[in-house]
file final_12.csv (CSV, C-alpha atoms and all ligand atoms)
chain,number,residue,atom,x,y,z
A,459,MET,CA,164.1,103.8,138.2
A,460,SER,CA,166.9,106.1,139.5
A,461,PRO,CA,166.1,105.5,143.2
A,462,TRP,CA,166.3,101.8,142.5
A,463,LYS,CA,169.7,102.1,140.9
A,464,LYS,CA,170.9,104.3,143.8
A,465,ALA,CA,169.6,101.8,146.4
A,466,ILE,CA,171.1,98.8,144.7
A,467,GLN,CA,174.5,100.4,144.1
A,468,LYS,CA,174.5,101.5,147.8
A,469,ILE,CA,174.5,97.8,148.7
A,470,ASP,CA,176.9,96.8,146.0
A,471,PRO,CA,178.7,99.5,144.0
A,472,GLU,CA,180.2,96.9,141.7
A,473,ILE,CA,176.8,96.1,140.1
A,474,GLU,CA,176.5,97.9,136.8
A,475,ILE,CA,173.0,99.1,136.1
A,476,ASP,CA,171.5,100.5,132.9
A,477,ILE,CA,168.0,102.1,132.9
A,478,TRP,CA,165.9,101.2,129.9
A,479,PRO,CA,165.7,102.6,127.3
A,480,ALA,CA,169.3,103.8,127.7
A,481,ILE,CA,170.8,100.2,127.5
A,482,LYS,CA,174.4,100.4,126.3
A,483,ASN,CA,174.9,96.8,125.3
A,484,LYS,CA,171.9,94.4,125.1
A,485,GLU,CA,174.2,91.3,125.2
A,486,ARG,CA,175.6,92.2,128.6
A,487,ILE,CA,172.2,92.3,130.3
A,488,GLN,CA,171.8,89.2,132.6
A,489,PHE,CA,169.4,90.3,135.2
A,490,ALA,CA,166.4,92.7,135.0
A,491,ILE,CA,164.1,94.3,137.5
A,492,CYS,CA,160.7,95.3,136.1
A,493,TRP,CA,157.3,96.7,136.8
A,494,ASN,CA,154.7,96.8,134.0
A,495,GLN,CA,157.3,96.6,131.3
A,496,PRO,CA,156.2,96.9,127.6
A,497,ASP,CA,155.3,93.6,126.0
A,498,HIS,CA,158.2,91.9,124.3
A,499,LEU,CA,160.7,94.3,125.7
A,500,LEU,CA,162.5,91.4,127.5
A,501,ASP,CA,163.0,89.6,124.1
A,502,ASN,CA,165.8,92.0,123.4
A,503,PHE,CA,168.3,90.6,125.8
A,504,PRO,CA,169.7,87.2,124.6
A,505,ASN,CA,171.7,86.6,127.8
A,506,LEU,CA,168.9,87.4,130.3
A,507,LYS,CA,168.9,84.8,133.1
A,508,ALA,CA,166.5,86.2,135.6
A,509,VAL,CA,163.9,88.9,136.1
A,510,SER,CA,162.7,90.3,139.4
A,511,SER,CA,159.4,92.0,140.0
A,512,LEU,CA,159.7,95.3,141.9
A,513,GLY,CA,156.7,94.2,144.0
A,514,ALA,CA,155.0,91.1,145.4
A,515,GLY,CA,152.9,90.5,142.3
A,516,VAL,CA,154.5,88.8,139.3
A,517,ASP,CA,151.5,88.7,136.9
A,518,HIS,CA,153.0,91.4,134.7
A,519,LEU,CA,156.0,89.1,134.1
A,520,LEU,CA,154.1,85.8,133.8
A,521,SER,CA,151.7,87.3,131.2
A,522,ASP,CA,154.7,88.3,129.0
A,523,GLU,CA,154.7,85.2,126.8
A,524,SER,CA,157.9,86.2,125.1
A,525,LEU,CA,159.9,85.6,128.3
A,526,PRO,CA,161.7,82.2,127.7
A,527,GLU,CA,161.0,79.4,130.2
A,528,SER,CA,164.8,79.4,131.0
A,529,VAL,CA,164.5,82.8,132.6
A,530,ASP,CA,163.8,82.7,136.3
A,531,ILE,CA,161.1,85.0,137.6
A,532,CYS,CA,161.4,86.2,141.2
A,533,ARG,CA,159.8,88.7,143.5
A,534,VAL,CA,160.6,90.8,146.5
A,535,TYR,CA,159.2,90.7,150.0
A,536,SER,CA,159.6,93.1,152.9
A,537,HIS,CA,158.2,93.3,156.4
A,538,SER,CA,157.0,96.8,155.4
A,539,LEU,CA,154.9,95.4,152.6
A,540,VAL,CA,153.0,93.3,155.1
A,541,GLN,CA,152.8,96.1,157.6
A,542,GLN,CA,151.4,98.5,155.1
A,543,MET,CA,148.9,96.0,153.9
A,544,ASN,CA,147.9,95.3,157.5
A,545,GLU,CA,147.3,99.0,158.0
A,546,TYR,CA,145.3,99.4,154.8
A,547,ILE,CA,143.0,96.4,155.3
A,548,THR,CA,142.5,97.0,159.0
A,549,GLY,CA,141.7,100.7,158.2
A,550,ALA,CA,139.2,99.6,155.5
A,551,VAL,CA,137.5,97.0,157.7
A,552,ILE,CA,137.1,99.5,160.6
A,553,SER,CA,135.9,102.3,158.2
A,554,ILE,CA,133.3,99.9,156.8
A,555,ARG,CA,132.1,98.7,160.2
A,556,ARG,CA,132.0,102.2,161.7
A,557,HIS,CA,130.6,103.8,158.5
A,558,PHE,CA,133.4,106.4,158.3
A,559,ALA,CA,132.9,107.1,154.6
A,560,ARG,CA,129.2,107.7,155.1
A,561,TYR,CA,129.9,110.2,158.0
A,562,ILE,CA,132.5,112.0,155.8
A,563,ARG,CA,129.8,112.4,153.1
A,564,GLN,CA,127.2,113.4,155.7
A,565,LYS,CA,129.4,116.2,157.0
A,566,ASP,CA,129.4,117.8,153.5
A,567,GLN,CA,125.6,118.0,153.9
A,568,GLN,CA,125.6,118.9,157.6
A,569,GLN,CA,123.6,115.8,158.2
A,570,TRP,CA,123.5,114.3,161.8
A,571,GLN,CA,122.5,110.6,161.3
A,572,VAL,CA,123.7,107.6,163.3
A,573,HIS,CA,124.3,104.3,161.6
A,574,GLY,CA,124.2,101.1,163.7
A,575,ARG,CA,127.1,98.7,164.1
A,576,GLY,CA,127.2,95.0,165.1
A,577,GLN,CA,129.4,93.3,167.6
A,578,VAL,CA,133.1,93.0,166.6
A,579,ALA,CA,133.0,89.2,167.2
A,580,GLY,CA,129.9,88.9,165.0
A,581,SER,CA,131.7,90.5,162.0
A,582,ARG,CA,132.5,87.6,159.7
A,583,ILE,CA,135.6,88.3,157.6
A,584,GLY,CA,137.0,86.1,154.9
A,585,VAL,CA,140.5,86.5,153.5
A,586,MET,CA,141.2,84.9,150.1
A,587,GLY,CA,144.9,84.2,149.8
A,588,LEU,CA,146.8,83.2,152.9
A,589,GLY,CA,150.3,83.8,151.6
A,590,ALA,CA,153.2,86.1,152.6
A,591,ILE,CA,150.7,89.0,152.9
A,592,GLY,CA,147.2,87.5,153.3
A,593,GLY,CA,148.3,85.2,156.1
A,594,PRO,CA,149.6,88.0,158.4
A,595,VAL,CA,146.6,90.2,157.5
A,596,ALA,CA,144.1,87.4,158.5
A,597,GLY,CA,146.1,86.9,161.7
A,598,ARG,CA,146.0,90.6,162.6
A,599,LEU,CA,142.2,90.8,162.0
A,600,ALA,CA,141.7,87.8,164.3
A,601,GLN,CA,143.9,89.5,167.0
A,602,LEU,CA,141.5,92.5,166.8
A,603,GLY,CA,138.6,90.2,167.7
A,604,TYR,CA,137.0,89.6,164.3
A,605,SER,CA,135.8,86.2,163.3
A,606,VAL,CA,138.1,85.4,160.4
A,607,SER,CA,138.1,82.6,157.8
A,608,GLY,CA,140.8,82.1,155.2
A,609,TRP,CA,140.9,80.4,151.8
A,610,SER,CA,144.0,79.2,150.0
A,611,ARG,CA,144.9,76.7,147.3
A,612,THR,CA,146.4,74.1,149.6
A,613,SER,CA,145.4,73.5,153.2
A,614,ARG,CA,146.8,75.9,155.8
A,615,ASP,CA,146.7,75.7,159.6
A,616,LEU,CA,146.8,79.3,161.0
A,617,ASN,CA,146.2,80.2,164.6
A,618,GLY,CA,142.8,81.7,165.2
A,619,ILE,CA,141.7,81.4,161.5
A,620,ASN,CA,139.0,79.1,160.2
A,621,CYS,CA,140.9,77.8,157.2
A,622,PHE,CA,139.4,76.4,153.9
A,623,ALA,CA,141.2,75.2,150.8
A,624,GLY,CA,140.6,74.7,147.1
A,625,ARG,CA,137.5,75.1,145.0
A,626,GLY,CA,135.7,72.3,146.9
A,627,GLU,CA,135.7,74.3,150.1
A,628,LEU,CA,135.1,77.8,148.5
A,629,GLY,CA,131.3,77.6,149.1
A,630,ASN,CA,131.7,76.8,152.8
A,631,PHE,CA,134.3,79.6,153.1
A,632,LEU,CA,131.9,82.1,151.5
A,633,ARG,CA,128.9,81.1,153.6
A,634,ASN,CA,130.9,82.3,156.7
A,635,THR,CA,131.9,85.6,155.1
A,636,GLN,CA,130.3,89.0,155.1
A,637,THR,CA,133.4,91.1,154.4
A,638,LEU,CA,135.5,89.5,151.7
A,639,ILE,CA,139.1,90.5,151.3
A,640,CYS,CA,141.0,89.5,148.2
A,641,LEU,CA,144.8,89.0,148.5
A,642,LEU,CA,145.2,86.4,145.9
A,643,PRO,CA,147.8,86.4,143.1
A,644,LEU,CA,146.4,86.9,139.7
A,645,THR,CA,146.6,83.6,137.8
A,646,SER,CA,144.5,81.8,135.2
A,647,GLU,CA,142.6,80.2,138.1
A,648,THR,CA,141.9,83.4,140.1
A,649,GLU,CA,141.2,85.8,137.2
A,650,GLY,CA,137.5,87.0,137.5
A,651,ILE,CA,137.0,85.1,140.7
A,652,LEU,CA,135.1,88.0,142.3
A,653,ASN,CA,132.0,87.5,140.2
A,654,LEU,CA,128.2,87.3,140.7
A,655,ASP,CA,128.2,83.6,141.5
A,656,LEU,CA,130.7,84.2,144.3
A,657,PHE,CA,128.8,87.3,145.7
A,658,LYS,CA,125.6,85.3,145.8
A,659,GLN,CA,127.3,82.7,148.1
A,660,MET,CA,128.3,85.3,150.7
A,661,GLN,CA,126.4,86.4,153.8
A,662,PRO,CA,124.4,89.4,152.7
A,663,PRO,CA,124.7,92.3,152.7
A,664,GLY,CA,128.4,91.9,152.0
A,665,TRP,CA,131.4,94.1,151.3
A,666,ILE,CA,134.3,93.3,149.0
A,667,ILE,CA,137.8,94.7,149.7
A,668,ASN,CA,140.1,94.1,146.7
A,669,ALA,CA,143.8,95.0,147.2
A,670,ALA,CA,145.1,92.2,145.0
A,671,ARG,CA,144.6,92.8,141.2
A,672,GLY,CA,141.9,94.5,139.2
A,673,ASN,CA,141.4,91.5,137.0
A,674,HIS,CA,140.2,89.4,140.0
A,675,LEU,CA,137.0,91.4,139.8
A,676,VAL,CA,134.3,91.3,137.1
A,677,ASP,CA,133.4,95.0,137.1
A,678,GLU,CA,129.8,94.6,135.7
A,679,ASP,CA,129.0,91.9,138.2
A,680,LEU,CA,130.0,94.2,141.1
A,681,ILE,CA,127.7,96.9,139.7
A,682,TYR,CA,124.8,94.4,139.4
A,683,ALA,CA,125.5,93.0,143.0
A,684,LEU,CA,125.4,96.6,144.4
A,685,ASP,CA,122.3,97.5,142.6
A,686,SER,CA,120.5,94.4,143.5
A,687,GLY,CA,121.5,94.7,147.2
A,688,LEU,CA,123.6,91.5,147.3
A,689,LEU,CA,126.5,93.7,148.3
A,690,GLU,CA,126.5,96.8,150.3
A,691,GLY,CA,129.8,98.2,149.1
A,692,ALA,CA,133.2,97.7,147.7
A,693,TRP,CA,136.6,99.0,148.7
A,694,LEU,CA,139.0,98.9,145.8
A,695,ASP,CA,142.7,99.6,145.5
A,696,VAL,CA,143.3,97.9,142.2
A,697,PHE,CA,141.6,98.1,138.8
A,698,SER,CA,141.7,96.2,135.5
A,699,GLU,CA,142.9,99.5,133.9
A,700,GLU,CA,145.1,101.8,136.0
A,701,PRO,CA,144.7,104.7,136.4
A,702,LEU,CA,140.9,104.1,136.4
A,703,PRO,CA,139.6,105.8,133.3
A,704,GLY,CA,137.6,109.0,134.0
A,705,ASN,CA,134.4,107.6,132.4
A,706,HIS,CA,134.4,104.4,134.5
A,707,PRO,CA,131.1,103.8,136.3
A,708,PHE,CA,132.9,103.1,139.6
A,709,TRP,CA,133.7,106.8,140.0
A,710,ASN,CA,130.1,107.8,140.5
A,711,ARG,CA,129.1,105.2,143.1
A,712,PRO,CA,129.1,106.5,146.7
A,713,ASN,CA,129.3,102.9,147.9
A,714,ILE,CA,132.6,102.1,146.0
A,715,ILE,CA,135.6,103.5,147.8
A,716,ILE,CA,138.6,104.0,145.4
A,717,THR,CA,142.3,104.2,146.3
A,718,PRO,CA,144.9,104.5,143.6
A,719,HIS,CA,146.9,101.2,144.1
A,720,ILE,CA,148.6,102.4,147.2
A,721,ALA,CA,147.7,99.6,149.7
A,722,SER,CA,151.3,98.5,150.0
A,723,LEU,CA,154.2,100.1,148.2
A,724,THR,CA,157.7,98.6,147.8
A,725,GLN,CA,160.5,101.0,148.8
A,726,PRO,CA,163.8,100.5,147.0
A,727,GLU,CA,165.9,100.7,150.1
A,728,GLU,CA,163.9,97.9,151.8
A,729,VAL,CA,164.5,95.4,149.0
A,730,ALA,CA,167.7,96.5,147.4
A,731,GLU,CA,169.7,93.9,149.4
A,732,GLN,CA,167.4,91.1,148.1
A,733,ILE,CA,167.8,92.2,144.6
A,734,ALA,CA,171.6,92.5,144.8
A,735,GLU,CA,171.7,89.0,146.4
A,736,ASN,CA,169.5,87.6,143.6
A,737,TYR,CA,171.6,89.3,141.0
A,738,ASN,CA,174.8,87.7,142.5
A,739,ARG,CA,173.1,84.3,142.8
A,740,THR,CA,172.0,84.4,139.2
A,741,LEU,CA,175.5,85.3,137.9
A,742,SER,CA,177.0,82.4,139.9
A,743,GLY,CA,174.5,80.0,138.3
A,744,MET,CA,172.3,79.6,141.4
A,745,THR,CA,168.5,79.9,141.5
A,746,PRO,CA,167.3,83.3,142.9
A,747,ARG,CA,165.5,83.4,146.2
A,748,LYS,CA,161.6,83.9,146.1
A,749,VAL,CA,161.5,82.3,142.7
A,750,VAL,CA,158.1,81.9,141.1
A,751,ASP,CA,156.6,78.5,140.2
A,752,ARG,CA,155.5,79.1,136.7
A,753,THR,CA,153.1,76.1,136.7
A,754,LYS,CA,151.2,77.5,139.8
A,755,GLY,CA,151.5,81.0,138.4
A,756,TYR,CA,152.7,82.6,141.7
B,1,LIG,P1,151.7,84.7,148.0
B,1,LIG,O1,152.2,84.1,146.7
B,1,LIG,O2,152.7,84.7,149.1
B,1,LIG,O3,150.4,83.9,148.5
B,1,LIG,C1,149.4,83.6,147.6
B,1,LIG,C2,148.2,83.0,148.4
B,1,LIG,O4,147.1,82.8,147.5
B,1,LIG,C3,148.6,81.6,148.9
B,1,LIG,O5,147.9,81.4,150.2
B,1,LIG,C4,148.0,80.7,147.9
B,1,LIG,O6,147.6,79.4,148.3
B,1,LIG,C5,146.7,81.4,147.5
B,1,LIG,N1,146.3,81.0,146.1
B,1,LIG,C6,146.9,81.1,145.0
B,1,LIG,N2,146.2,80.6,144.0
B,1,LIG,C7,145.0,80.2,144.5
B,1,LIG,C8,143.9,79.5,144.1
B,1,LIG,N3,143.8,79.2,142.8
B,1,LIG,N4,142.9,79.2,144.9
B,1,LIG,C9,143.0,79.5,146.2
B,1,LIG,N5,144.1,80.1,146.8
B,1,LIG,C10,145.1,80.4,145.9
B,1,LIG,O7,151.2,86.2,147.6
B,1,LIG,P2,151.3,87.5,148.5
B,1,LIG,O8,150.6,87.2,149.8
B,1,LIG,O9,152.7,87.9,148.7
B,1,LIG,O10,150.6,88.6,147.6
B,1,LIG,C11,149.3,88.3,147.1
B,1,LIG,C12,149.0,89.4,146.1
B,1,LIG,O11,148.7,90.7,146.6
B,1,LIG,C13,150.1,89.7,145.1
B,1,LIG,O12,150.1,88.7,144.0
B,1,LIG,C14,149.7,91.0,144.5
B,1,LIG,O13,148.9,90.9,143.4
B,1,LIG,C15,148.9,91.7,145.6
B,1,LIG,N6,149.5,92.8,146.2
B,1,LIG,C16,148.9,94.0,146.1
B,1,LIG,C17,149.5,95.2,146.6
B,1,LIG,C18,148.8,96.5,146.5
B,1,LIG,O14,149.5,97.5,146.9
B,1,LIG,N7,147.6,96.6,146.2
B,1,LIG,C19,150.8,95.1,147.3
B,1,LIG,C20,151.4,93.8,147.4
B,1,LIG,C21,150.7,92.7,146.9
B,1,LIG,P3,148.7,78.4,149.0
B,1,LIG,O15,148.9,79.0,150.4
B,1,LIG,O16,148.0,77.1,149.0
B,1,LIG,O17,149.9,78.5,148.1
B,2,LIG,C1,152.7,94.6,144.4
B,2,LIG,C2,151.9,95.8,144.3
B,2,LIG,O1,152.4,93.5,143.9
B,2,LIG,O2,152.3,96.9,144.7
B,2,LIG,O3,153.7,94.7,145.2
B,2,LIG,O4,150.8,95.7,143.7

call {"tool": "encode", "arguments": {"input": "final_12.csv", "output": "structure tokens"}}
result
Amino acid sequence: MSPWKKAIQKIDPEIEIDIWPAIKNKERIQFAICWNQPDHLLDNFPNLKAVSSLGAGVDHLLSDESLPESVDICRVYSHSLVQQMNEYITGAVISIRRHFARYIRQKDQQQWQVHGRGQVAGSRIGVMGLGAIGGPVAGRLAQLGYSVSGWSRTSRDLNGINCFAGRGELGNFLRNTQTLICLLPLTSETEGILNLDLFKQMQPPGWIINAARGNHLVDEDLIYALDSGLLEGAWLDVFSEEPLPGNHPFWNRPNIIITPHIASLTQPEEVAEQIAENYNRTLSGMTPRKVVDRTKGY
């Protein structure tokens, strides 16, 4: 956490910061910034008013049942988070379409074999989650000429995107989708959403790109869908257990691409100002910016 302390104090040297577990006085803690904190750690601070996630996701905070309702939960956002995700998803989509992972494996075996590709405009891409990150990612893919659909909880109207909303329109969204990108927050409604029933509704043979949270995916359903030819491959950045355990079946599958949760990383210098502002707002009794709606779960 030292780089975070340094970046925040560069913005506002007056802010006193202790790094857990070296907390000098638990009663004095009013604002916390956390990522994957141990369960019940936050119970220890009786005067805690707000907690900020160090990233875009807040599932690690909302799942901490010990966190009182009175404590505000907020998150951070930066242009760079979106830019990195754009780069990651565009890279994955292009690699899938142009079979780059296959060619890399083929080189190891000195194999010269051409794989076909369809028209860019015929590539049907579906983006689940059209929020701060998913919205711009869908827009970028549409600009590149792909045929893009998007799915969100409430109706959205995004230029160049065929938008669907809610469970009632999920089937229609999936019928248009061959490459499915998950950029949903992890909530009670979205946990396990990437399952066999959903894969069956996609245009075969499909691809899944999951850069949201590992618990969106039902691991054994993915294996079944790959073995039965429902899906051609999966590109995964996030896993239900991270680091992915050495004995996990995903490691041995050539058609599962694995990256170690690097799609989009928050840099302290890029969000220190937001954290300092939210700290100061909290101390003056104001609601922090980018506060999470606990009933929606994001
Ligand atoms: P936002 O909260 O800005 O957007 C969430 C989107 O998901 C909204 O469009 C929302 O719908 C939609 N949504 C939420 N619940 C449902 C539901 N039940 N059914 C349909 N749609 C739903 O999130 P971000 O775009 O900032 O981030 C998304 C996630 O990406 C994060 O929660 C995090 O888990 C992950 N992430 C991963 C990173 C990585 O490195 N792998 C980096 C950064 C983020 P509506 O528009 O109607 O509100
Ligand atoms: C995030 C992440 O949520 O890095 O920001 O996963």

call {"tool": "residues_around", "arguments": {"input": "final_12.csv", "residues": "Asp476 (chain A)", "least_positions_apart": "2", "cutoff": "12 Å", "atoms": "all atoms listed in the file", "output": "PDB file with C-alpha atoms, in the coordinates of the input"}}
result
ATOM      1  CA  MET A 459     164.100 103.800 138.200  1.00  0.00           C
ATOM      2  CA  SER A 460     166.900 106.100 139.500  1.00  0.00           C
ATOM      3  CA  TRP A 462     166.300 101.800 142.500  1.00  0.00           C
ATOM      4  CA  LYS A 463     169.700 102.100 140.900  1.00  0.00           C
ATOM      5  CA  LYS A 464     170.900 104.300 143.800  1.00  0.00           C
ATOM      6  CA  ILE A 466     171.100  98.800 144.700  1.00  0.00           C
ATOM      7  CA  GLN A 467     174.500 100.400 144.100  1.00  0.00           C
ATOM      8  CA  ILE A 473     176.800  96.100 140.100  1.00  0.00           C
ATOM      9  CA  GLU A 474     176.500  97.900 136.800  1.00  0.00           C
ATOM     10  CA  TRP A 478     165.900 101.200 129.900  1.00  0.00           C
ATOM     11  CA  PRO A 479     165.700 102.600 127.300  1.00  0.00           C
ATOM     12  CA  ALA A 480     169.300 103.800 127.700  1.00  0.00           C
ATOM     13  CA  ILE A 481     170.800 100.200 127.500  1.00  0.00           C
ATOM     14  CA  LYS A 482     174.400 100.400 126.300  1.00  0.00           C
ATOM     15  CA  ASN A 483     174.900  96.800 125.300  1.00  0.00           C
ATOM     16  CA  LYS A 484     171.900  94.400 125.100  1.00  0.00           C
ATOM     17  CA  ARG A 486     175.600  92.200 128.600  1.00  0.00           C
ATOM     18  CA  ILE A 487     172.200  92.300 130.300  1.00  0.00           C
ATOM     19  CA  GLN A 488     171.800  89.200 132.600  1.00  0.00           C
ATOM     20  CA  PHE A 489     169.400  90.300 135.200  1.00  0.00           C
ATOM     21  CA  ALA A 490     166.400  92.700 135.000  1.00  0.00           C
ATOM     22  CA  ILE A 491     164.100  94.300 137.500  1.00  0.00           C
TER      23      ILE A 491
END

call {"tool": "closest_atom_pairs", "arguments": {"input": "final_12.csv", "of": "chain A", "to": "ligand LIG 2 (chain B)", "cutoff": "8 Å", "atoms": "all atoms listed in the file", "output": "Markdown table"}}
result
| residue | atom | partner | partner_atom | distance |
| --- | --- | --- | --- | --- |
| A:Leu512 | CA | B:LIG2 | O3 | 6.9 |
| A:Gly513 | CA | B:LIG2 | O3 | 3.3 |
| A:Ala514 | CA | B:LIG2 | O3 | 3.8 |
| A:Gly515 | CA | B:LIG2 | O1 | 3.4 |
| A:Val516 | CA | B:LIG2 | O1 | 6.9 |
| A:Leu539 | CA | B:LIG2 | O3 | 7.5 |
| A:Ala669 | CA | B:LIG2 | O4 | 7.9 |
| A:Ala670 | CA | B:LIG2 | O4 | 6.8 |
| A:Arg671 | CA | B:LIG2 | O4 | 7.3 |
| A:Val696 | CA | B:LIG2 | O4 | 8.0 |
| A:His719 | CA | B:LIG2 | O4 | 6.8 |
| A:Ile720 | CA | B:LIG2 | O2 | 7.1 |
| A:Ala721 | CA | B:LIG2 | O2 | 7.3 |
| A:Ser722 | CA | B:LIG2 | O2 | 5.6 |
| A:Leu723 | CA | B:LIG2 | O2 | 5.1 |
| A:Thr724 | CA | B:LIG2 | O3 | 6.2 |

call {"tool": "closest_residue", "arguments": {"input": "final_12.csv", "among": "A:Gln564, A:Ser511, A:His518, A:Gly592", "to": "Gln542 (chain A)", "atoms": "only C-alpha atoms"}}
result
A:Gly592

call {"tool": "residues_around", "arguments": {"input": "final_12.csv", "residues": "Asn713 (chain A)", "least_positions_apart": "4", "cutoff": "12 Å", "atoms": "only C-alpha atoms", "output": "NGL selection string"}}
result
:A and (554 or 557-560 or 563 or 664-667 or 680-681 or 683-685 or 687 or 689-694 or 707-709)

call {"tool": "closest_atom_pairs", "arguments": {"input": "final_12.csv", "of": "chain A", "to": "ligand LIG 1 (chain B)", "cutoff": "9 Å", "atoms": "only C-alpha atoms and all ligand atoms", "output": "Markdown table"}}
result
| residue | atom | partner | partner_atom | distance |
| --- | --- | --- | --- | --- |
| A:Gly513 | CA | B:LIG1 | C20 | 6.3 |
| A:Ala514 | CA | B:LIG1 | C21 | 4.8 |
| A:Gly515 | CA | B:LIG1 | O12 | 3.7 |
| A:Val516 | CA | B:LIG1 | O12 | 6.4 |
| A:Asp517 | CA | B:LIG1 | O12 | 7.2 |
| A:Arg533 | CA | B:LIG1 | O9 | 8.8 |
| A:Val534 | CA | B:LIG1 | O9 | 8.7 |
| A:Tyr535 | CA | B:LIG1 | O9 | 7.2 |
| A:Leu539 | CA | B:LIG1 | C20 | 6.5 |
| A:Val540 | CA | B:LIG1 | C20 | 7.9 |
| A:Gln542 | CA | B:LIG1 | O14 | 8.5 |
| A:Met543 | CA | B:LIG1 | C19 | 6.9 |
| A:Met586 | CA | B:LIG1 | N5 | 6.5 |
| A:Gly587 | CA | B:LIG1 | O4 | 3.5 |
| A:Leu588 | CA | B:LIG1 | O5 | 3.4 |
| A:Gly589 | CA | B:LIG1 | O3 | 3.1 |
| A:Ala590 | CA | B:LIG1 | O2 | 3.8 |
| A:Ile591 | CA | B:LIG1 | O8 | 3.6 |
| A:Gly592 | CA | B:LIG1 | O8 | 4.9 |
| A:Gly593 | CA | B:LIG1 | O8 | 7.0 |
| A:Pro594 | CA | B:LIG1 | O8 | 8.7 |
| A:Gly608 | CA | B:LIG1 | O5 | 8.7 |
| A:Trp609 | CA | B:LIG1 | N5 | 5.9 |
| A:Ser610 | CA | B:LIG1 | N5 | 3.3 |
| A:Arg611 | CA | B:LIG1 | N5 | 3.5 |
| A:Thr612 | CA | B:LIG1 | O16 | 3.5 |
| A:Ser613 | CA | B:LIG1 | O16 | 6.1 |
| A:Arg614 | CA | B:LIG1 | O15 | 6.6 |
| A:Ala623 | CA | B:LIG1 | C9 | 6.5 |
| A:Gly624 | CA | B:LIG1 | C9 | 5.4 |
| A:Arg625 | CA | B:LIG1 | N4 | 6.8 |
| A:Leu628 | CA | B:LIG1 | C9 | 8.4 |
| A:Cys640 | CA | B:LIG1 | O11 | 8.0 |
| A:Leu641 | CA | B:LIG1 | O11 | 4.7 |
| A:Leu642 | CA | B:LIG1 | O4 | 4.4 |
| A:Pro643 | CA | B:LIG1 | O12 | 3.4 |
| A:Leu644 | CA | B:LIG1 | O12 | 6.0 |
| A:Thr645 | CA | B:LIG1 | N2 | 6.9 |
| A:Ser646 | CA | B:LIG1 | N3 | 8.1 |
| A:Glu647 | CA | B:LIG1 | N3 | 5.0 |
| A:Thr648 | CA | B:LIG1 | N3 | 5.3 |
| A:Asn668 | CA | B:LIG1 | N7 | 7.9 |
| A:Ala669 | CA | B:LIG1 | N7 | 4.2 |
| A:Ala670 | CA | B:LIG1 | C15 | 3.9 |
| A:Arg671 | CA | B:LIG1 | O13 | 5.2 |
| A:Gly672 | CA | B:LIG1 | O13 | 8.9 |
| A:Leu694 | CA | B:LIG1 | N7 | 8.9 |
| A:Asp695 | CA | B:LIG1 | N7 | 5.8 |
| A:Val696 | CA | B:LIG1 | N7 | 6.0 |
| A:Pro718 | CA | B:LIG1 | N7 | 8.7 |
| A:His719 | CA | B:LIG1 | N7 | 5.1 |
| A:Ile720 | CA | B:LIG1 | O14 | 5.0 |
| A:Ala721 | CA | B:LIG1 | O14 | 3.9 |
| A:Ser722 | CA | B:LIG1 | O14 | 3.7 |
| A:Leu723 | CA | B:LIG1 | O14 | 5.5 |
| A:Thr724 | CA | B:LIG1 | C19 | 7.8 |
| A:Val750 | CA | B:LIG1 | O1 | 8.4 |
| A:Lys754 | CA | B:LIG1 | N2 | 7.2 |
| A:Gly755 | CA | B:LIG1 | N2 | 7.7 |
| A:Tyr756 | CA | B:LIG1 | O1 | 5.2 |

call {"tool": "build_atoms", "arguments": {"input": "final_12.csv", "residues": "region 505-511 of chain A", "atoms": "N, CA, C and O atoms", "output": "short mmCIF file (atom, residue, chain, number, x, y, z; two decimals), keeping the file's coordinate frame"}}
result
data_model
loop_
_atom_site.label_atom_id
_atom_site.label_comp_id
_atom_site.auth_asym_id
_atom_site.auth_seq_id
_atom_site.Cartn_x
_atom_site.Cartn_y
_atom_site.Cartn_z
N ASN A 505 171.00 87.25 126.66
CA ASN A 505 171.70 86.60 127.80
C ASN A 505 170.99 86.78 129.13
O ASN A 505 171.58 86.55 130.19
N LEU A 506 169.70 87.17 129.04
CA LEU A 506 168.90 87.40 130.30
C LEU A 506 168.75 86.06 131.02
O LEU A 506 168.33 85.07 130.43
N LYS A 507 169.07 86.04 132.32
CA LYS A 507 168.90 84.80 133.10
C LYS A 507 167.80 84.86 134.10
O LYS A 507 167.19 83.85 134.43
N ALA A 508 167.53 86.05 134.64
CA ALA A 508 166.50 86.20 135.60
C ALA A 508 165.87 87.56 135.63
O ALA A 508 166.54 88.53 135.25
N VAL A 509 164.60 87.62 136.03
CA VAL A 509 163.90 88.90 136.10
C VAL A 509 163.26 88.99 137.49
O VAL A 509 162.60 88.04 137.93
N SER A 510 163.41 90.13 138.13
CA SER A 510 162.70 90.30 139.40
C SER A 510 161.64 91.35 139.29
O SER A 510 161.81 92.39 138.65
N SER A 511 160.50 91.04 139.90
CA SER A 511 159.40 92.00 140.00
C SER A 511 159.84 93.06 141.05
O SER A 511 160.57 92.74 141.99
#
